[in-house]
Each structure stands twice: as C-alpha cells, then as structure tokens.
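> Take this structure first; my questions come after.
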Amino acid sequence: DVGDPSGPTVIYLHGSPSSRLEIGLPGVQEAAIELGLHVVAPDRPGMGVTPFRRYSIADYPQLVRAFGDALGIDRFAVIGMSGGGKYACACAWALPDRVTRVALVSSTCSFDLPGARATWSTEDRRLYGAADRVPWLVRLFLAKVARNVRHNRDALLPSVQRSVGAADYEVVATPAFREALARDAGEAFRQGGRGPAHDLS
C-alpha cells in the first residue's frame, strides 16, 4: 500500500503480467500522497504471493470483496490498469454496495467486445490472439518469459520500451523506472507463467 493510510481507499488492480508491486512505479506513491488517497494493491491469483486458482472475470469481484473484508475496508474506489481494467469493470458491476468510483487506465477489455481487436498493436494481436485460440502456447511462452526474468531482471524492458511513445520512453529509460519494473516483473513471474497465462485467457 502507498499514500495516506487515513485517506479514502483505492484498490489498485494491476496490469498483466504484473503484480501488486506495480504501485511502486515512479509517480504512483507521489500521486497518492498528493491526493490524500490510501492505495492498496492485491496480486491476482498465481502472481506475486497469491496462490494460483482458476477464476473468471465474473468471479473476480468476490475476491476483491473478500480482500476488502480482510482489511476492514467497507467502501472503496477501484483503479484498473491495463489488463486490470476488465476486473475493475466487473467490480463496478458486481459490487455496487462497495465500489464508489472506477478509473480505467490504458485498459484492455474482453476480446469479444465490438471494435476491441481493432485497437490491438501487432504484439497484442499475437499475444491475445494466441490466448484466445491456443492457450497452451501462451502458457509455454510465459513459462519461458518467467525463466528469462529469473535470469535477467530487465528481460521485459525491451518489450515495454517498444510499446510506448517518445515522451513515455524517456520515463521508461530512467534508472528508477527500470528498477521498479524489474522488481514488479520478478513478482509477476515469482510462481512461473501459469498465473499470468490464466490472467490473459
């Protein structure tokens, strides 16, 4: 968690593949403090320290409800970053008694929504297309990524650098961002590639 513990709570749903340590990327803590928010981030099952279990987008709000209950948080806002966006939307739909606001940041969406595929980059088309049609191939690929990350903390950096514009590239190239990304990638693949692969399906 980051920010002001006495402020309104925001549950931050990380991207994919990623982990709770995504809130350690430069700017998140500073923004939370400036806005007086208490930002807490759980790992999704199979990433970071959360044990793997199968779940669907529709199931996920109940995991968030249990997370809120465990922390004694009755009402909260939700942020969905990238691959966390679909889960944030599910929480807004399924937990109207708990969720006060929802923010989607660079969010992905369900593959079957009209126009969704038209927004994909070439890399997205390969990855999401494979996740949809040949999930076993994605599991194999992400198992290899997990091994690469264990041997080289910066293994995901080239992929991130290719996916951002010129202004963001400057941020991505800073030592602080590289270090935070390396920590986050290590957590995302701590248990191997099964959790991240399931998260994409």
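Labels for the structure tokens follow display order: chains A, B, ..., residues from 1 in each chain, ligands from 1.
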So that I can check the surroundings of Ser107 in chain A, please list as a PyMOL selection string every protein, DNA and RNA residue that reaches within 6 Å of it, counting only C-alpha atoms and ignoring chain neighbours fewer than 4 positions away.
chain A and resi 81-82+85
> Apply DSSP to the backbone of this structure and, from range 46-151 of chain A, keep only the residues in helix (DSSP H, G or I); write these as an MDAnalysis selection string.
chainID A and resid 60:71 82:94 117:119 122:133 135:151
> Can those selected residues be exported to a file as a short mmCIF file (atom, residue, chain, number, x, y, z; two decimals), in the first residue's frame so that it contains C-alpha atoms?

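Below is the file result-v4.cif, written as the result:
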```cif
data_model
loop_
_atom_site.label_atom_id
_atom_site.label_comp_id
_atom_site.auth_asym_id
_atom_site.auth_seq_id
_atom_site.Cartn_x
_atom_site.Cartn_y
_atom_site.Cartn_z
CA TYR A 60 -13.08 -11.71 -9.52
CA PRO A 61 -15.32 -9.18 -7.69
CA GLN A 62 -15.88 -11.74 -4.93
CA LEU A 63 -12.10 -11.98 -4.44
CA VAL A 64 -11.99 -8.17 -4.17
CA ARG A 65 -14.92 -8.22 -1.72
CA ALA A 66 -13.02 -10.76 0.44
CA PHE A 67 -9.86 -8.61 0.18
CA GLY A 68 -11.80 -5.56 1.37
CA ASP A 69 -13.36 -7.58 4.20
CA ALA A 70 -9.93 -8.86 5.32
CA LEU A 71 -8.61 -5.29 5.51
CA SER A 82 -4.21 -2.16 -18.49
CA GLY A 83 -5.13 -5.85 -18.02
CA GLY A 84 -6.70 -4.95 -14.65
CA GLY A 85 -9.34 -2.81 -16.37
CA LYS A 86 -11.75 -5.65 -17.14
CA TYR A 87 -11.62 -6.71 -13.48
CA ALA A 88 -12.27 -3.14 -12.33
CA CYS A 89 -15.36 -3.01 -14.59
CA ALA A 90 -16.54 -6.33 -13.15
CA CYS A 91 -16.17 -4.92 -9.62
CA ALA A 92 -18.24 -1.84 -10.53
CA TRP A 93 -20.96 -4.10 -11.93
CA ALA A 94 -20.99 -6.74 -9.17
CA ARG A 117 -9.44 -6.17 -31.74
CA ALA A 118 -9.04 -3.07 -33.91
CA THR A 119 -7.22 -1.33 -31.05
CA THR A 122 0.90 -6.15 -33.68
CA GLU A 123 2.31 -7.57 -30.43
CA ASP A 124 -1.17 -7.51 -28.83
CA ARG A 125 -2.64 -9.35 -31.84
CA ARG A 126 -0.10 -12.14 -31.47
CA LEU A 127 -0.45 -12.49 -27.71
CA TYR A 128 -4.22 -12.02 -27.29
CA GLY A 129 -4.98 -13.99 -30.45
CA ALA A 130 -2.94 -16.92 -29.16
CA ALA A 131 -4.51 -16.62 -25.69
CA ASP A 132 -7.93 -16.88 -27.33
CA ARG A 133 -7.19 -19.71 -29.79
CA PRO A 135 -3.92 -21.01 -24.69
CA TRP A 136 -1.40 -23.86 -24.23
CA LEU A 137 1.01 -21.94 -26.48
CA VAL A 138 0.68 -18.82 -24.30
CA ARG A 139 1.35 -20.92 -21.19
CA LEU A 140 4.53 -22.25 -22.84
CA PHE A 141 5.60 -18.76 -23.93
CA LEU A 142 5.03 -17.24 -20.48
CA ALA A 143 6.86 -20.12 -18.80
CA LYS A 144 9.85 -19.13 -20.96
CA VAL A 145 9.36 -15.44 -20.01
CA ALA A 146 9.32 -16.47 -16.33
CA ARG A 147 12.67 -18.27 -16.79
CA ASN A 148 14.11 -15.24 -18.61
CA VAL A 149 13.01 -12.88 -15.83
CA ARG A 150 14.59 -15.13 -13.19
CA HIS A 151 17.93 -14.95 -15.07
#
```
> Extract, using only C-alpha atoms, all DNA, RNA and protein residues at most 9 Å from Arg190 in chain A, discarding same-chain residues fewer than 4 positions from it, and format them as an MDAnalysis selection string.
chainID A and resid 46:49 146 150 185:186
> Just to be explicit: take each residue in the selection above, keep N, CA and C atoms, and write the result as a PDB file, in the first residue's frame.

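Here's the written file again.pdb:
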```pdb
ATOM      1  N   GLY A  46      -1.942 -16.535  -8.626  1.00  0.00           N
ATOM      2  CA  GLY A  46      -0.861 -17.064  -9.452  1.00  0.00           C
ATOM      3  C   GLY A  46       0.231 -16.062  -9.736  1.00  0.00           C
ATOM      4  N   MET A  47       0.059 -14.825  -9.255  1.00  0.00           N
ATOM      5  CA  MET A  47       1.092 -13.800  -9.423  1.00  0.00           C
ATOM      6  C   MET A  47       1.511 -13.296  -8.048  1.00  0.00           C
ATOM      7  N   GLY A  48       2.760 -12.873  -7.942  1.00  0.00           N
ATOM      8  CA  GLY A  48       3.256 -12.406  -6.654  1.00  0.00           C
ATOM      9  C   GLY A  48       3.159 -13.511  -5.618  1.00  0.00           C
ATOM     10  N   VAL A  49       2.545 -13.189  -4.475  1.00  0.00           N
ATOM     11  CA  VAL A  49       2.471 -14.143  -3.369  1.00  0.00           C
ATOM     12  C   VAL A  49       1.100 -14.802  -3.233  1.00  0.00           C
ATOM     13  N   ALA A 146       9.031 -16.349 -17.766  1.00  0.00           N
ATOM     14  CA  ALA A 146       9.323 -16.469 -16.333  1.00  0.00           C
ATOM     15  C   ALA A 146      10.774 -16.885 -16.104  1.00  0.00           C
ATOM     16  N   ARG A 150      13.788 -14.631 -14.317  1.00  0.00           N
ATOM     17  CA  ARG A 150      14.595 -15.125 -13.188  1.00  0.00           C
ATOM     18  C   ARG A 150      16.086 -14.937 -13.455  1.00  0.00           C
ATOM     19  N   ALA A 185       8.333  -7.217 -12.328  1.00  0.00           N
ATOM     20  CA  ALA A 185       8.391  -8.390 -13.218  1.00  0.00           C
ATOM     21  C   ALA A 185       8.772  -9.641 -12.437  1.00  0.00           C
ATOM     22  N   GLY A 186       9.722  -9.494 -11.512  1.00  0.00           N
ATOM     23  CA  GLY A 186      10.118 -10.633 -10.685  1.00  0.00           C
ATOM     24  C   GLY A 186       8.949 -11.190  -9.880  1.00  0.00           C
TER      25      GLY A 186
END
```
> Which one of A:Gly24, A:Ala32, A:Pro5, A:Pro45 sits closest to Gly192 in chain A if you count only C-alpha atoms?
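Answer, going by the shortest atom-to-atom distance: A:Pro45.
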> Which neighbours of Thr100 in chain A fall inside 7 Å, counting only C-alpha atoms, when residues of the same chain fewer than 4 positions from it are skipped, and could you give them as a list of chain:residue names?
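Counting only C-alpha atoms, the residues come to A:Arg75, A:Phe76, A:Ala77.
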> For a quick check of understanding, using only C-alpha atoms, which of A:Leu35, A:Phe177, A:Asn152, A:Ser19 has the smallest distance to Thr50 in chain A?
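Distance minimum relative to Thr50 in chain A lands on A:Ser19.
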> So which residues touch Pro158 in chain A within 12 Å, counting only C-alpha atoms, skipping near sequence neighbours fewer than 3 positions away, as a count of residues only?
13
> I need the strand (DSSP E or B) residues of range 8-121 of chain A per DSSP on the backbone, written as a PyMOL selection string.
chain A and resi 9-13+38-40+76-81+99-105
> Quick one: of A:Arg54, A:His14, A:Arg20, A:Arg44, who's nearest to Ile79 in chain A, counting only C-alpha atoms?
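Result for the nearest residue to Ile79 in chain A: A:His14.
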> Kindly give the distance, in Å, that separates CA of Val10 in chain A and CA of Leu37 in chain A, rounded to a single decimal.
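These two atoms are separated by 6.9 Å.
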> Counting only C-alpha atoms, which residue out of A:Phe189, A:Leu95, A:Ala180, A:Ala197 sits closest to Asp59 in chain A?
A:Leu95
> Give me the residues near Gln29 in chain A as a ChimeraX atom specification, where near means some atom within 9 Å (using only C-alpha atoms) and where sequence neighbours in that chain fewer than 4 positions away do not count.
/A:1-3,23-25,33-34,39
> Put those residues in a file: N, CA and C atoms, as a PDB file, in the first residue's frame.

```
ATOM      1  N   ASP A   1       0.835  -1.183   0.000  1.00  0.00           N
ATOM      2  CA  ASP A   1       0.000   0.000   0.000  1.00  0.00           C
ATOM      3  C   ASP A   1       0.878   1.244   0.000  1.00  0.00           C
ATOM      4  N   VAL A   2       0.347   2.328  -0.559  1.00  0.00           N
ATOM      5  CA  VAL A   2       1.056   3.607  -0.603  1.00  0.00           C
ATOM      6  C   VAL A   2       0.064   4.722  -0.301  1.00  0.00           C
ATOM      7  N   GLY A   3       0.608   5.908   0.024  1.00  0.00           N
ATOM      8  CA  GLY A   3      -0.238   7.072   0.231  1.00  0.00           C
ATOM      9  C   GLY A   3      -0.577   7.311   1.683  1.00  0.00           C
ATOM     10  N   ILE A  23       2.435  -0.630  -8.032  1.00  0.00           N
ATOM     11  CA  ILE A  23       2.229   0.678  -7.407  1.00  0.00           C
ATOM     12  C   ILE A  23       3.555   1.282  -6.930  1.00  0.00           C
ATOM     13  N   GLY A  24       4.652   0.528  -7.086  1.00  0.00           N
ATOM     14  CA  GLY A  24       5.972   1.072  -6.784  1.00  0.00           C
ATOM     15  C   GLY A  24       6.600   1.789  -7.964  1.00  0.00           C
ATOM     16  N   LEU A  25       5.918   1.775  -9.129  1.00  0.00           N
ATOM     17  CA  LEU A  25       6.459   2.504 -10.280  1.00  0.00           C
ATOM     18  C   LEU A  25       6.469   4.000  -9.984  1.00  0.00           C
ATOM     19  N   ILE A  33      -0.095  10.396  -2.344  1.00  0.00           N
ATOM     20  CA  ILE A  33       0.138  11.328  -1.240  1.00  0.00           C
ATOM     21  C   ILE A  33      -0.464  12.688  -1.554  1.00  0.00           C
ATOM     22  N   GLU A  34      -0.212  13.170  -2.773  1.00  0.00           N
ATOM     23  CA  GLU A  34      -0.721  14.485  -3.173  1.00  0.00           C
ATOM     24  C   GLU A  34      -2.250  14.543  -3.117  1.00  0.00           C
ATOM     25  N   VAL A  39      -3.818   3.869  -1.299  1.00  0.00           N
ATOM     26  CA  VAL A  39      -3.884   2.947  -2.431  1.00  0.00           C
ATOM     27  C   VAL A  39      -3.337   1.589  -2.000  1.00  0.00           C
TER      28      VAL A  39
END
```
> One decimal, in Å: what's the spacing between CA of Ser6 in chain A and CA of Ala188 in chain A?
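Calculated distance between CA of Ser6 in chain A and CA of Ala188 in chain A is 28.5 Å.
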